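Presented below is the structure to which this report refers.
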Amino acid sequence: MIALVIAVLTAIAIACEVAALQFILDLPQGTDAVLKFFGLHAIASIVFAFVVRATLVPIPMRTPAWAVVGLAACFSLFIPIFGILALIAAVLAVLVSPRALITRPYTSVRHPEFTVPIRESESRMRATGLRTVLLDPTLAPELRLRSLMALQNFPIRRAGPFLRRLLGDPADDIRLTAYSLLERETKRISEIIEQDVAALAVLEEPSMRLVTHRRLAEQHWELVYTGLAQADLADYSLGEALRHLDEALSIAPREPGLWLLRGRLLNARGDVEGGGLAYREAVRCGLPAERAAPWLAELAYRERNHAEVRAQMSMVDVETVGPTVGPVARFWRARIKTHRTREPQ
Amino acid sequence: MSTRQNSVDIALLLEGTYPFVSGGVSGWVHQMLQGFPELTFAVIFIGSRRNDYGSQKYEMPPNVSVMQTHYLYDQEDLPRVTPVKGDAATFDRVERMHEYFRAPIAHESSAHLIGELADELDTKLSFVDFLYSERSYDFIRRQFNRYSSDPSFVDYFWTIRIMHAPIWRLAKIRDGLPMARAYHTISTGFAGMLGVLAKRKFGRPLIVSEHGIYTKERRIDLFAAQWIADNRSLFERDTAEIAYFRQLWIRFFEAIGRAAYDAADQIVALFEANRERQVADGAINDRTQNIPNGIDITRFAALREKRPVIPPRILCLVGRVVPIKDVKTFIRAMRVMVNRMPDVEGWIAGPVDEDPAYADECRGLIEALGLRARVKMLGLQTMTEILPKVGLVVLSSISEALPLSILEAFAAGIPVVTTDVGSCAELIYGAGAEDRALGAAGEVVGIANPQALAEAAVSLLADQDGWERAARTAIARVERYYSDKLMFDRYRILYHQALEQANIPTQPAYAASARGAR
């Protein structure tokens, strides 16, 4: 059936082309004859194009249909007779030529299976816990290195003491990994400090200077608080922190957060009295009393003033404070209760 | 090039050092070249990219008759994409070799495959086979499914390709190597791998000398590297597990390190702890030995006269300004020192151009700690000029092997305070019983501990008698154990053996057979 259609189409195309040629060869030289020639030649070209697409072009190359037919039609329209012959020759040449001419270098391969790879590691964390594994140099270095990796996820204040002990570990890998973890954190803080010091040199706007001095004080304090700066260097950092804090306070003397930090810095320096004054100043400037309470309680405890510790702790809201202060506050409040229940007796 | 024409006694295979870098290993290579004027050498340099290295830092001695420089990552010289099937039997062997790398003891019978496959890098296991063959792809896919704990196959695939491509580049370098009577690599890693390929091709002895431990140093680099992807989601991530691609890279360097140990006829470490590490990493005990560094003592002995009677309160850190020297700890220690001894000064003598960012951080730290007047960065200095002016030499490194700067300070009669890394403790306190009897030539402290470093330095500087005792010990120790004559004598024996062996044409002995004989 298809073959018959193609045969008929081919016959029509040939007939049209022959008729067209007749017009042009009879040479009447009129516009009329030229138009008739082009009309018939165009019909012949389009029909030919369909025939070529249906018979010669390999199936994967037949789409998009309009482009294939258009291209073939153009060939025969603009280069009468020879165009279509050349097109047929080209298609045949490609079809009979060696495969290598038309194969592309890529072959399809199988996909990897896209499943989430869940693999059991050979050895998991032991029940003995991080601390034991880390500090026991007789255990396999691989196991200890894993524990060290897990330590990365702890805040540096918690991980710091372990990491510093591991700096003296006999295994090089452990020692150097611990070193790089500590150094990375120190570097992070030092970079902020360095940038801010550079910024201070050009900043004039008081509000910006306040922010920068405050951040410098906080970052120096961070070095001390996390234990990254030790001994003499911690003293030096505390000194720097206080210097910047006082600069900040000279701009914003009634900022409670600054007074609170000042209290903590003085406290860390061992200046209990100065610390107490700063905490109270913070409260006077608007810090909620229950926020200053744990710090004041700490100072009172240092002075063995237990009644004051109890008084301060009674202000603490045990539900909202952090996991460190919570149990301490609960402990002292329990004493208040037992104290009170005992009192009437 | 004609290999006959370029025939030399020893070909030195150098990765990322001589003659383009100054300092430790490079200085040692130069010393060796000058120490053996009777032998001819080829200097084969392998680097990452041309841009990563500056100009040549050393002038070649006359006994270097061939010099080649090669860069592993310079050009993308990938062959044309061609569809290939790949040889099934070859990829089976590749799989067995990888099993050996995963568990060397369990798969010891596969050790010989490294050498065999190394011979086939131009034939059955060509670069085209690795890049384009279906077997290669299937192998990578199966390994991914079996082992990877990272979910990204695309990252896995490219990691494997980038990681292994240098092997075929090395095979190309091997084809252009000069004929030598022995090949001597100064590290494992890529230079070591080139040594393996050269030994297979020319059947000549291979010597592996290591200053640091290459795989260990790579490991540390890779732990800190930021460029390695980790695609595990929060739920897949086991916090205690190292990202899979990191593990892959580490294992790759371990594997090529093991290949070098397996093929080597002689393996040299600088000191006992490193030799033990080599054995732990797969080196055969009988083939290992220690040859410590040595220096030309007479050059420095003359400086002892020039020292002032009272040790100057000047501490000098001798070393390149790079993170591994931990210059920051020295600067922090200076802060502590200045608190105790306000007139003390700290000098940093070493090139600052190798890691300019780090040098800037150090300058920033000097400023931040208010030490501008007390700590000076002097840049590269001539040791013979600077040593008579200082009271102590300080090393704050986090990793060292056997530092020449300590030996030079000793020879000039200057005590040293150093961190406890590499063989530093042996240098200060002595290695054997006889050596220890000489006493302490300074102090050893933990790494990254500025407080301890400063306190040790203060106590040495403040105690004139103790300082003089340490100086005497330093001189006695370096003269007895660390002269260049001793080092050359030991290497002379080693080279002699290798050159003798080179005259007898033999099939390269392989590790598996040696282990089997044990």
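The way I read the labels, and the way they are meant: chains A, B, ... in the order of the structure tokens, residue 1 as the first residue of every chain, and ligand 1 as the first ligand shown, with later ones counted on from there.
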
Output as JSON lines one row per residue of chain B within 9 Å of chain A: the closest atom pair and its distance in Å to one decimal place, counting only C-alpha atoms, sorted by chain and residue number ascending.
{"residue": "B:Val81", "atom": "CA", "partner": "A:Pro105", "partner_atom": "CA", "distance": 6.2}
{"residue": "B:Thr82", "atom": "CA", "partner": "A:Pro105", "partner_atom": "CA", "distance": 5.5}
{"residue": "B:Pro83", "atom": "CA", "partner": "A:Pro105", "partner_atom": "CA", "distance": 5.6}
{"residue": "B:Tyr132", "atom": "CA", "partner": "A:Tyr106", "partner_atom": "CA", "distance": 8.9}
{"residue": "B:Glu134", "atom": "CA", "partner": "A:Val109", "partner_atom": "CA", "distance": 7.4}
{"residue": "B:Tyr137", "atom": "CA", "partner": "A:Val109", "partner_atom": "CA", "distance": 8.1}
{"residue": "B:Asp138", "atom": "CA", "partner": "A:Arg110", "partner_atom": "CA", "distance": 8.1}
{"residue": "B:Arg141", "atom": "CA", "partner": "A:Pro112", "partner_atom": "CA", "distance": 5.8}
{"residue": "B:Arg142", "atom": "CA", "partner": "A:Pro112", "partner_atom": "CA", "distance": 7.9}
{"residue": "B:Phe144", "atom": "CA", "partner": "A:Pro112", "partner_atom": "CA", "distance": 8.2}
{"residue": "B:Asn145", "atom": "CA", "partner": "A:Pro117", "partner_atom": "CA", "distance": 7.0}
{"residue": "B:Arg146", "atom": "CA", "partner": "A:Pro117", "partner_atom": "CA", "distance": 8.3}
{"residue": "B:Tyr147", "atom": "CA", "partner": "A:Arg119", "partner_atom": "CA", "distance": 7.3}
{"residue": "B:Ser148", "atom": "CA", "partner": "A:Pro117", "partner_atom": "CA", "distance": 6.8}
{"residue": "B:Ser149", "atom": "CA", "partner": "A:Pro117", "partner_atom": "CA", "distance": 5.6}
{"residue": "B:Asp150", "atom": "CA", "partner": "A:Pro117", "partner_atom": "CA", "distance": 7.2}
{"residue": "B:Pro151", "atom": "CA", "partner": "A:Val116", "partner_atom": "CA", "distance": 5.9}
{"residue": "B:Ser152", "atom": "CA", "partner": "A:Phe114", "partner_atom": "CA", "distance": 8.8}
{"residue": "B:Phe153", "atom": "CA", "partner": "A:Pro112", "partner_atom": "CA", "distance": 7.5}
{"residue": "B:Lys216", "atom": "CA", "partner": "A:Asp173", "partner_atom": "CA", "distance": 7.3}
{"residue": "B:Glu217", "atom": "CA", "partner": "A:Asp173", "partner_atom": "CA", "distance": 8.9}
{"residue": "B:Arg219", "atom": "CA", "partner": "A:Asp173", "partner_atom": "CA", "distance": 7.9}
{"residue": "B:Ile220", "atom": "CA", "partner": "A:Asp173", "partner_atom": "CA", "distance": 6.9}
{"residue": "B:Phe223", "atom": "CA", "partner": "A:Thr177", "partner_atom": "CA", "distance": 7.5}
{"residue": "B:Ala224", "atom": "CA", "partner": "A:Ser180", "partner_atom": "CA", "distance": 7.3}
{"residue": "B:Glu236", "atom": "CA", "partner": "A:Ile118", "partner_atom": "CA", "distance": 7.7}
{"residue": "B:Asp238", "atom": "CA", "partner": "A:Ala150", "partner_atom": "CA", "distance": 8.5}
{"residue": "B:Thr239", "atom": "CA", "partner": "A:Ala150", "partner_atom": "CA", "distance": 5.2}
{"residue": "B:Ala240", "atom": "CA", "partner": "A:Ala150", "partner_atom": "CA", "distance": 4.4}
{"residue": "B:Glu241", "atom": "CA", "partner": "A:Arg146", "partner_atom": "CA", "distance": 5.9}
{"residue": "B:Ile242", "atom": "CA", "partner": "A:Met149", "partner_atom": "CA", "distance": 7.1}
{"residue": "B:Arg332", "atom": "CA", "partner": "A:Leu233", "partner_atom": "CA", "distance": 7.3}
{"residue": "B:Ala333", "atom": "CA", "partner": "A:Leu233", "partner_atom": "CA", "distance": 8.7}
{"residue": "B:Arg335", "atom": "CA", "partner": "A:Leu233", "partner_atom": "CA", "distance": 7.3}
{"residue": "B:Val336", "atom": "CA", "partner": "A:Asp232", "partner_atom": "CA", "distance": 5.9}
{"residue": "B:Asn339", "atom": "CA", "partner": "A:Asp232", "partner_atom": "CA", "distance": 8.1}
{"residue": "B:Glu361", "atom": "CA", "partner": "A:Glu191", "partner_atom": "CA", "distance": 8.5}
{"residue": "B:Gly364", "atom": "CA", "partner": "A:Glu194", "partner_atom": "CA", "distance": 6.9}
{"residue": "B:Leu365", "atom": "CA", "partner": "A:Ser190", "partner_atom": "CA", "distance": 8.2}
{"residue": "B:Ala368", "atom": "CA", "partner": "A:Glu194", "partner_atom": "CA", "distance": 7.5}
{"residue": "B:Leu369", "atom": "CA", "partner": "A:Tyr236", "partner_atom": "CA", "distance": 7.9}
{"residue": "B:Ile398", "atom": "CA", "partner": "A:Leu176", "partner_atom": "CA", "distance": 7.1}
{"residue": "B:Ser399", "atom": "CA", "partner": "A:Leu176", "partner_atom": "CA", "distance": 8.2}
{"residue": "B:Asp420", "atom": "CA", "partner": "A:Gly168", "partner_atom": "CA", "distance": 8.3}
{"residue": "B:Val421", "atom": "CA", "partner": "A:Asp172", "partner_atom": "CA", "distance": 8.4}
{"residue": "B:Gly446", "atom": "CA", "partner": "A:Gly168", "partner_atom": "CA", "distance": 5.9}
{"residue": "B:Ile447", "atom": "CA", "partner": "A:Leu167", "partner_atom": "CA", "distance": 6.2}
{"residue": "B:Ala448", "atom": "CA", "partner": "A:Tyr179", "partner_atom": "CA", "distance": 7.4}
{"residue": "B:Asn449", "atom": "CA", "partner": "A:Leu167", "partner_atom": "CA", "distance": 8.8}
{"residue": "B:Pro450", "atom": "CA", "partner": "A:Leu233", "partner_atom": "CA", "distance": 8.6}
{"residue": "B:Gln451", "atom": "CA", "partner": "A:Ala231", "partner_atom": "CA", "distance": 7.0}

(request) Within 10 Å of Leu258 (chain A), counting only C-alpha atoms, which residues show up once you throw out same-chain ones fewer than 4 positions away? Write them as JSON, numbers by chain, please. (result) {"A": [214, 217, 218, 245, 246, 248, 249, 252, 253, 254, 262, 263, 264, 278, 279, 281, 282]}

Hey, can you spit out that residue selection with N, CA, C and O atoms as a JSON list (two decimals), in the first residue's frame?
[["chain", "number", "residue", "atom", "x", "y", "z"],
["A", 214, "ARG", "N", 33.06, 46.64, 70.51],
["A", 214, "ARG", "CA", 32.34, 45.60, 71.24],
["A", 214, "ARG", "C", 32.71, 44.22, 70.70],
["A", 214, "ARG", "O", 33.00, 43.30, 71.46],
["A", 217, "ALA", "N", 36.16, 43.24, 71.79],
["A", 217, "ALA", "CA", 36.18, 42.78, 73.19],
["A", 217, "ALA", "C", 35.64, 41.35, 73.26],
["A", 217, "ALA", "O", 36.21, 40.49, 73.94],
["A", 218, "GLU", "N", 34.55, 41.11, 72.54],
["A", 218, "GLU", "CA", 33.93, 39.77, 72.59],
["A", 218, "GLU", "C", 34.86, 38.70, 72.02],
["A", 218, "GLU", "O", 34.95, 37.59, 72.55],
["A", 245, "LEU", "N", 36.58, 47.07, 75.52],
["A", 245, "LEU", "CA", 35.28, 47.20, 76.19],
["A", 245, "LEU", "C", 35.13, 48.60, 76.78],
["A", 245, "LEU", "O", 34.08, 49.23, 76.68],
["A", 246, "ASP", "N", 36.20, 49.10, 77.39],
["A", 246, "ASP", "CA", 36.14, 50.43, 77.98],
["A", 246, "ASP", "C", 35.95, 51.49, 76.90],
["A", 246, "ASP", "O", 35.24, 52.48, 77.11],
["A", 248, "ALA", "N", 34.30, 50.97, 74.18],
["A", 248, "ALA", "CA", 32.88, 50.85, 73.81],
["A", 248, "ALA", "C", 32.01, 51.53, 74.86],
["A", 248, "ALA", "O", 31.06, 52.26, 74.53],
["A", 249, "LEU", "N", 32.36, 51.34, 76.16],
["A", 249, "LEU", "CA", 31.57, 51.94, 77.23],
["A", 249, "LEU", "C", 31.66, 53.46, 77.22],
["A", 249, "LEU", "O", 30.73, 54.15, 77.62],
["A", 252, "ALA", "N", 28.95, 54.18, 74.76],
["A", 252, "ALA", "CA", 27.60, 53.82, 75.21],
["A", 252, "ALA", "C", 27.65, 53.41, 76.68],
["A", 252, "ALA", "O", 27.67, 52.22, 77.00],
["A", 253, "PRO", "N", 27.71, 54.40, 77.58],
["A", 253, "PRO", "CA", 27.93, 54.07, 79.00],
["A", 253, "PRO", "C", 26.74, 53.37, 79.67],
["A", 253, "PRO", "O", 26.89, 52.86, 80.77],
["A", 254, "ARG", "N", 25.59, 53.35, 79.01],
["A", 254, "ARG", "CA", 24.44, 52.74, 79.67],
["A", 254, "ARG", "C", 23.96, 51.47, 78.96],
["A", 254, "ARG", "O", 22.79, 51.12, 79.00],
["A", 262, "ARG", "N", 31.81, 43.17, 80.96],
["A", 262, "ARG", "CA", 32.88, 43.72, 81.80],
["A", 262, "ARG", "C", 32.97, 42.93, 83.11],
["A", 262, "ARG", "O", 34.07, 42.59, 83.57],
["A", 263, "GLY", "N", 31.81, 42.61, 83.65],
["A", 263, "GLY", "CA", 31.79, 41.81, 84.86],
["A", 263, "GLY", "C", 32.48, 40.46, 84.65],
["A", 263, "GLY", "O", 33.29, 40.03, 85.46],
["A", 264, "ARG", "N", 32.18, 39.83, 83.53],
["A", 264, "ARG", "CA", 32.76, 38.50, 83.27],
["A", 264, "ARG", "C", 34.27, 38.60, 83.08],
["A", 264, "ARG", "O", 35.03, 37.72, 83.52],
["A", 278, "ALA", "N", 30.29, 45.69, 88.28],
["A", 278, "ALA", "CA", 29.90, 45.74, 86.86],
["A", 278, "ALA", "C", 28.55, 45.05, 86.65],
["A", 278, "ALA", "O", 27.69, 45.56, 85.93],
["A", 279, "TYR", "N", 28.33, 43.89, 87.30],
["A", 279, "TYR", "CA", 27.06, 43.18, 87.15],
["A", 279, "TYR", "C", 25.91, 44.06, 87.66],
["A", 279, "TYR", "O", 24.85, 44.15, 87.04],
["A", 281, "GLU", "N", 25.87, 47.26, 87.89],
["A", 281, "GLU", "CA", 25.70, 48.39, 86.97],
["A", 281, "GLU", "C", 24.85, 47.94, 85.76],
["A", 281, "GLU", "O", 23.97, 48.67, 85.29],
["A", 282, "ALA", "N", 25.10, 46.69, 85.33],
["A", 282, "ALA", "CA", 24.34, 46.15, 84.19],
["A", 282, "ALA", "C", 22.86, 46.13, 84.54],
["A", 282, "ALA", "O", 22.01, 46.51, 83.73]]

(message) Quick check for you: according to DSSP on this backbone, which residues of region 278-308 of chain A are classed as alpha helix (DSSP H)? Reply as JSON, numbers by chain.
(response) {"A": [278, 279, 280, 281, 282, 283, 284, 289, 290, 291, 292, 293, 294, 295, 296, 297, 298, 299, 300, 301, 302, 306, 307, 308]}

Could you tell me, as a tab-separated table (two decimals) with all heavy atoms, in the first residue's frame, which residues of region 369-425 of chain B DSSP assigns to strand (DSSP E or B) when given the backbone?
chain	number	residue	atom	x	y	z
B	375	VAL	N	59.99	41.48	67.77
B	375	VAL	CA	60.09	40.33	66.87
B	375	VAL	C	60.36	40.83	65.45
B	375	VAL	O	59.66	41.71	64.95
B	375	VAL	CB	58.79	39.49	66.88
B	375	VAL	CG1	58.90	38.33	65.89
B	375	VAL	CG2	58.51	38.95	68.28
B	376	LYS	N	61.39	40.28	64.82
B	376	LYS	CA	61.76	40.73	63.47
B	376	LYS	C	61.74	39.57	62.49
B	376	LYS	O	62.27	38.50	62.78
B	376	LYS	CB	63.18	41.31	63.48
B	376	LYS	CG	63.29	42.58	64.27
B	376	LYS	CD	64.72	43.08	64.27
B	376	LYS	CE	64.83	44.27	65.21
B	376	LYS	NZ	66.15	44.38	65.81
B	377	MET	N	61.13	39.81	61.35
B	377	MET	CA	61.18	38.81	60.28
B	377	MET	C	62.29	39.21	59.33
B	377	MET	O	62.21	40.21	58.64
B	377	MET	CB	59.84	38.73	59.56
B	377	MET	CG	58.78	38.07	60.43
B	377	MET	SD	57.13	38.18	59.75
B	377	MET	CE	57.04	36.66	58.86
B	378	LEU	N	63.34	38.41	59.32
B	378	LEU	CA	64.55	38.81	58.60
B	378	LEU	C	64.61	38.30	57.17
B	378	LEU	O	65.46	38.73	56.40
B	378	LEU	CB	65.79	38.30	59.35
B	378	LEU	CG	65.91	38.71	60.83
B	378	LEU	CD1	67.12	38.03	61.45
B	378	LEU	CD2	66.03	40.21	60.96
B	379	GLY	N	63.76	37.35	56.82
B	379	GLY	CA	63.88	36.75	55.48
B	379	GLY	C	65.03	35.75	55.46
B	379	GLY	O	65.61	35.43	56.51
B	392	LEU	N	69.93	31.57	71.43
B	392	LEU	CA	69.24	30.29	71.35
B	392	LEU	C	68.65	30.14	69.95
B	392	LEU	O	68.19	31.12	69.37
B	392	LEU	CB	68.06	30.24	72.33
B	392	LEU	CG	68.28	29.88	73.78
B	392	LEU	CD1	66.93	29.87	74.49
B	392	LEU	CD2	68.94	28.52	73.93
B	393	VAL	N	68.66	28.91	69.46
B	393	VAL	CA	67.91	28.64	68.24
B	393	VAL	C	66.63	27.93	68.67
B	393	VAL	O	66.65	27.07	69.55
B	393	VAL	CB	68.74	27.79	67.25
B	393	VAL	CG1	67.86	27.18	66.18
B	393	VAL	CG2	69.82	28.66	66.61
B	394	VAL	N	65.51	28.35	68.07
B	394	VAL	CA	64.21	27.81	68.47
B	394	VAL	C	63.53	27.18	67.26
B	394	VAL	O	63.58	27.72	66.16
B	394	VAL	CB	63.31	28.94	69.03
B	394	VAL	CG1	61.94	28.40	69.36
B	394	VAL	CG2	63.95	29.55	70.26
B	395	LEU	N	62.92	26.02	67.47
B	395	LEU	CA	62.09	25.41	66.44
B	395	LEU	C	60.71	25.15	67.04
B	395	LEU	O	60.61	24.47	68.06
B	395	LEU	CB	62.68	24.07	66.00
B	395	LEU	CG	63.34	24.08	64.62
B	395	LEU	CD1	64.73	24.66	64.76
B	395	LEU	CD2	63.41	22.69	64.06
B	416	VAL	N	69.52	24.57	71.68
B	416	VAL	CA	68.28	24.65	70.91
B	416	VAL	C	67.09	24.32	71.79
B	416	VAL	O	67.15	23.39	72.59
B	416	VAL	CB	68.33	23.68	69.71
B	416	VAL	CG1	67.02	23.68	68.96
B	416	VAL	CG2	69.48	24.01	68.77
B	417	VAL	N	66.01	25.11	71.65
B	417	VAL	CA	64.74	24.72	72.25
B	417	VAL	C	63.82	24.34	71.10
B	417	VAL	O	63.65	25.11	70.15
B	417	VAL	CB	64.11	25.88	73.05
B	417	VAL	CG1	62.74	25.48	73.58
B	417	VAL	CG2	65.01	26.27	74.20
B	418	THR	N	63.27	23.14	71.17
B	418	THR	CA	62.49	22.67	70.03
B	418	THR	C	61.23	21.94	70.49
B	418	THR	O	61.14	21.52	71.64
B	418	THR	CB	63.34	21.72	69.15
B	418	THR	OG1	62.50	21.05	68.22
B	418	THR	CG2	64.05	20.67	69.99
B	419	THR	N	60.29	21.81	69.58
B	419	THR	CA	59.10	21.01	69.87
B	419	THR	C	59.43	19.53	69.71
B	419	THR	O	60.40	19.17	69.04
B	419	THR	CB	57.97	21.38	68.90
B	419	THR	OG1	58.52	21.49	67.60
B	419	THR	CG2	57.32	22.68	69.28

(message) Here is a test: counting only C-alpha atoms, which residue of B:Gln266, B:Asn274, B:Gln56, B:Gln75 is nearest to Arg287 (chain B)?
(response)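 Selected residue with least distance to Arg287 (chain B): B:Gln266.
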
(message) When you look at Leu14 (chain B) with a cut-off of 10 Å (counting only C-alpha atoms), what residues show up, excluding the ones that are within fewer than 2 positions of it in the same chain? I need them as JSON, numbers by chain.
(response) {"B": [11, 12, 16, 17, 18, 19, 25, 26, 29, 43, 44, 45, 46, 47, 69, 184, 185, 186, 187, 188, 190, 191, 192, 194]}

Include N, CA, C and O atoms and write out the residues we just selected as an mmCIF file, in the first residue's frame.
data_model
loop_
_atom_site.group_PDB
_atom_site.id
_atom_site.type_symbol
_atom_site.label_atom_id
_atom_site.label_comp_id
_atom_site.auth_asym_id
_atom_site.auth_seq_id
_atom_site.Cartn_x
_atom_site.Cartn_y
_atom_site.Cartn_z
ATOM 1 N N ALA B 11 70.180 8.047 39.028
ATOM 2 C CA ALA B 11 69.131 9.008 38.667
ATOM 3 C C ALA B 11 68.348 9.329 39.932
ATOM 4 O O ALA B 11 67.794 8.422 40.566
ATOM 5 N N LEU B 12 68.345 10.601 40.319
ATOM 6 C CA LEU B 12 67.586 11.017 41.508
ATOM 7 C C LEU B 12 66.182 11.421 41.082
ATOM 8 O O LEU B 12 66.021 12.264 40.191
ATOM 9 N N GLY B 16 58.678 17.672 43.777
ATOM 10 C CA GLY B 16 58.385 18.973 44.390
ATOM 11 C C GLY B 16 59.494 19.565 45.244
ATOM 12 O O GLY B 16 59.203 20.325 46.152
ATOM 13 N N THR B 17 60.758 19.198 44.981
ATOM 14 C CA THR B 17 61.821 19.800 45.796
ATOM 15 C C THR B 17 62.914 20.371 44.902
ATOM 16 O O THR B 17 62.665 21.301 44.159
ATOM 17 N N TYR B 18 64.105 19.812 45.052
ATOM 18 C CA TYR B 18 65.282 20.264 44.336
ATOM 19 C C TYR B 18 65.023 20.282 42.841
ATOM 20 O O TYR B 18 64.420 19.349 42.335
ATOM 21 N N PRO B 19 65.491 21.238 42.101
ATOM 22 C CA PRO B 19 66.229 22.441 42.509
ATOM 23 C C PRO B 19 65.349 23.688 42.599
ATOM 24 O O PRO B 19 65.865 24.780 42.629
ATOM 25 N N VAL B 25 64.961 19.303 52.363
ATOM 26 C CA VAL B 25 65.291 18.202 51.463
ATOM 27 C C VAL B 25 66.151 18.690 50.297
ATOM 28 O O VAL B 25 67.122 18.035 49.903
ATOM 29 N N SER B 26 65.827 19.869 49.757
ATOM 30 C CA SER B 26 66.582 20.393 48.631
ATOM 31 C C SER B 26 68.052 20.585 48.999
ATOM 32 O O SER B 26 68.950 20.208 48.242
ATOM 33 N N VAL B 29 69.768 17.304 49.038
ATOM 34 C CA VAL B 29 70.055 16.758 47.708
ATOM 35 C C VAL B 29 71.317 17.424 47.149
ATOM 36 O O VAL B 29 72.209 16.757 46.617
ATOM 37 N N VAL B 43 69.140 14.425 37.419
ATOM 38 C CA VAL B 43 68.180 15.029 38.338
ATOM 39 C C VAL B 43 66.831 15.070 37.628
ATOM 40 O O VAL B 43 66.675 15.750 36.619
ATOM 41 N N ILE B 44 65.882 14.276 38.120
ATOM 42 C CA ILE B 44 64.559 14.215 37.478
ATOM 43 C C ILE B 44 63.566 14.869 38.429
ATOM 44 O O ILE B 44 63.270 14.337 39.496
ATOM 45 N N PHE B 45 63.065 16.025 38.039
ATOM 46 C CA PHE B 45 62.136 16.765 38.896
ATOM 47 C C PHE B 45 60.692 16.527 38.440
ATOM 48 O O PHE B 45 60.386 16.632 37.255
ATOM 49 N N ILE B 46 59.825 16.188 39.386
ATOM 50 C CA ILE B 46 58.401 16.053 39.076
ATOM 51 C C ILE B 46 57.639 17.060 39.918
ATOM 52 O O ILE B 46 57.777 17.079 41.141
ATOM 53 N N GLY B 47 56.834 17.893 39.262
ATOM 54 C CA GLY B 47 56.061 18.875 40.016
ATOM 55 C C GLY B 47 54.595 18.805 39.632
ATOM 56 O O GLY B 47 54.215 18.018 38.761
ATOM 57 N N THR B 69 62.688 18.207 33.817
ATOM 58 C CA THR B 69 61.582 18.667 34.662
ATOM 59 C C THR B 69 60.276 18.205 34.034
ATOM 60 O O THR B 69 60.092 18.292 32.825
ATOM 61 N N HIS B 184 67.240 6.398 42.432
ATOM 62 C CA HIS B 184 67.169 6.763 43.851
ATOM 63 C C HIS B 184 66.061 7.805 44.002
ATOM 64 O O HIS B 184 66.187 8.926 43.523
ATOM 65 N N THR B 185 64.951 7.412 44.651
ATOM 66 C CA THR B 185 63.866 8.370 44.852
ATOM 67 C C THR B 185 63.924 8.911 46.276
ATOM 68 O O THR B 185 64.221 8.170 47.217
ATOM 69 N N ILE B 186 63.636 10.219 46.430
ATOM 70 C CA ILE B 186 63.797 10.861 47.739
ATOM 71 C C ILE B 186 62.435 10.958 48.435
ATOM 72 O O ILE B 186 62.264 11.723 49.365
ATOM 73 N N SER B 187 61.456 10.228 47.943
ATOM 74 C CA SER B 187 60.175 10.143 48.651
ATOM 75 C C SER B 187 59.415 8.976 48.030
ATOM 76 O O SER B 187 59.813 8.473 46.985
ATOM 77 N N THR B 188 58.315 8.585 48.652
ATOM 78 C CA THR B 188 57.420 7.649 47.957
ATOM 79 C C THR B 188 56.517 8.531 47.095
ATOM 80 O O THR B 188 57.009 9.410 46.437
ATOM 81 N N PHE B 190 54.457 10.106 44.018
ATOM 82 C CA PHE B 190 54.605 10.004 42.564
ATOM 83 C C PHE B 190 56.048 9.696 42.162
ATOM 84 O O PHE B 190 56.283 8.936 41.232
ATOM 85 N N ALA B 191 57.010 10.314 42.878
ATOM 86 C CA ALA B 191 58.409 10.020 42.561
ATOM 87 C C ALA B 191 58.694 8.543 42.823
ATOM 88 O O ALA B 191 59.361 7.871 42.035
ATOM 89 N N GLY B 192 58.163 8.033 43.921
ATOM 90 C CA GLY B 192 58.342 6.618 44.240
ATOM 91 C C GLY B 192 57.724 5.737 43.172
ATOM 92 O O GLY B 192 58.298 4.730 42.744
ATOM 93 N N LEU B 194 57.285 6.517 40.056
ATOM 94 C CA LEU B 194 58.150 6.582 38.878
ATOM 95 C C LEU B 194 59.332 5.624 39.059
ATOM 96 O O LEU B 194 59.747 4.953 38.110
#

(request) Measure the distance from CA of Ala401 (chain B) to CA of Leu270 (chain B) in Å and round it to one decimal. (result) 7.1 Å

(request) Would you kindly return, as an NGL selection string, each protein, DNA or RNA residue with an atom no farther than 12 Å from any atom of Arg469 (chain B), considering only C-alpha atoms and excluding same-chain residues fewer than 4 positions away? (result) :B and (413-415 or 438-442 or 460-461 or 463-465 or 473-476)

Please, which residues in region 438-506 of chain B fall within 7 Å of region 294-304 of chain B when counting only C-alpha atoms, and what is the closest atom pair and distance in Å to one decimal for each, ordered by chain then residue number, as JSON lines?
{"residue": "B:Glu479", "atom": "CA", "partner": "B:Ile297", "partner_atom": "CA", "distance": 6.9}
{"residue": "B:Tyr482", "atom": "CA", "partner": "B:Gly294", "partner_atom": "CA", "distance": 4.4}
{"residue": "B:Ser483", "atom": "CA", "partner": "B:Gly294", "partner_atom": "CA", "distance": 4.4}
{"residue": "B:Asp484", "atom": "CA", "partner": "B:Gly294", "partner_atom": "CA", "distance": 4.0}
{"residue": "B:Leu486", "atom": "CA", "partner": "B:Gly294", "partner_atom": "CA", "distance": 7.0}
{"residue": "B:Met487", "atom": "CA", "partner": "B:Gly294", "partner_atom": "CA", "distance": 5.6}
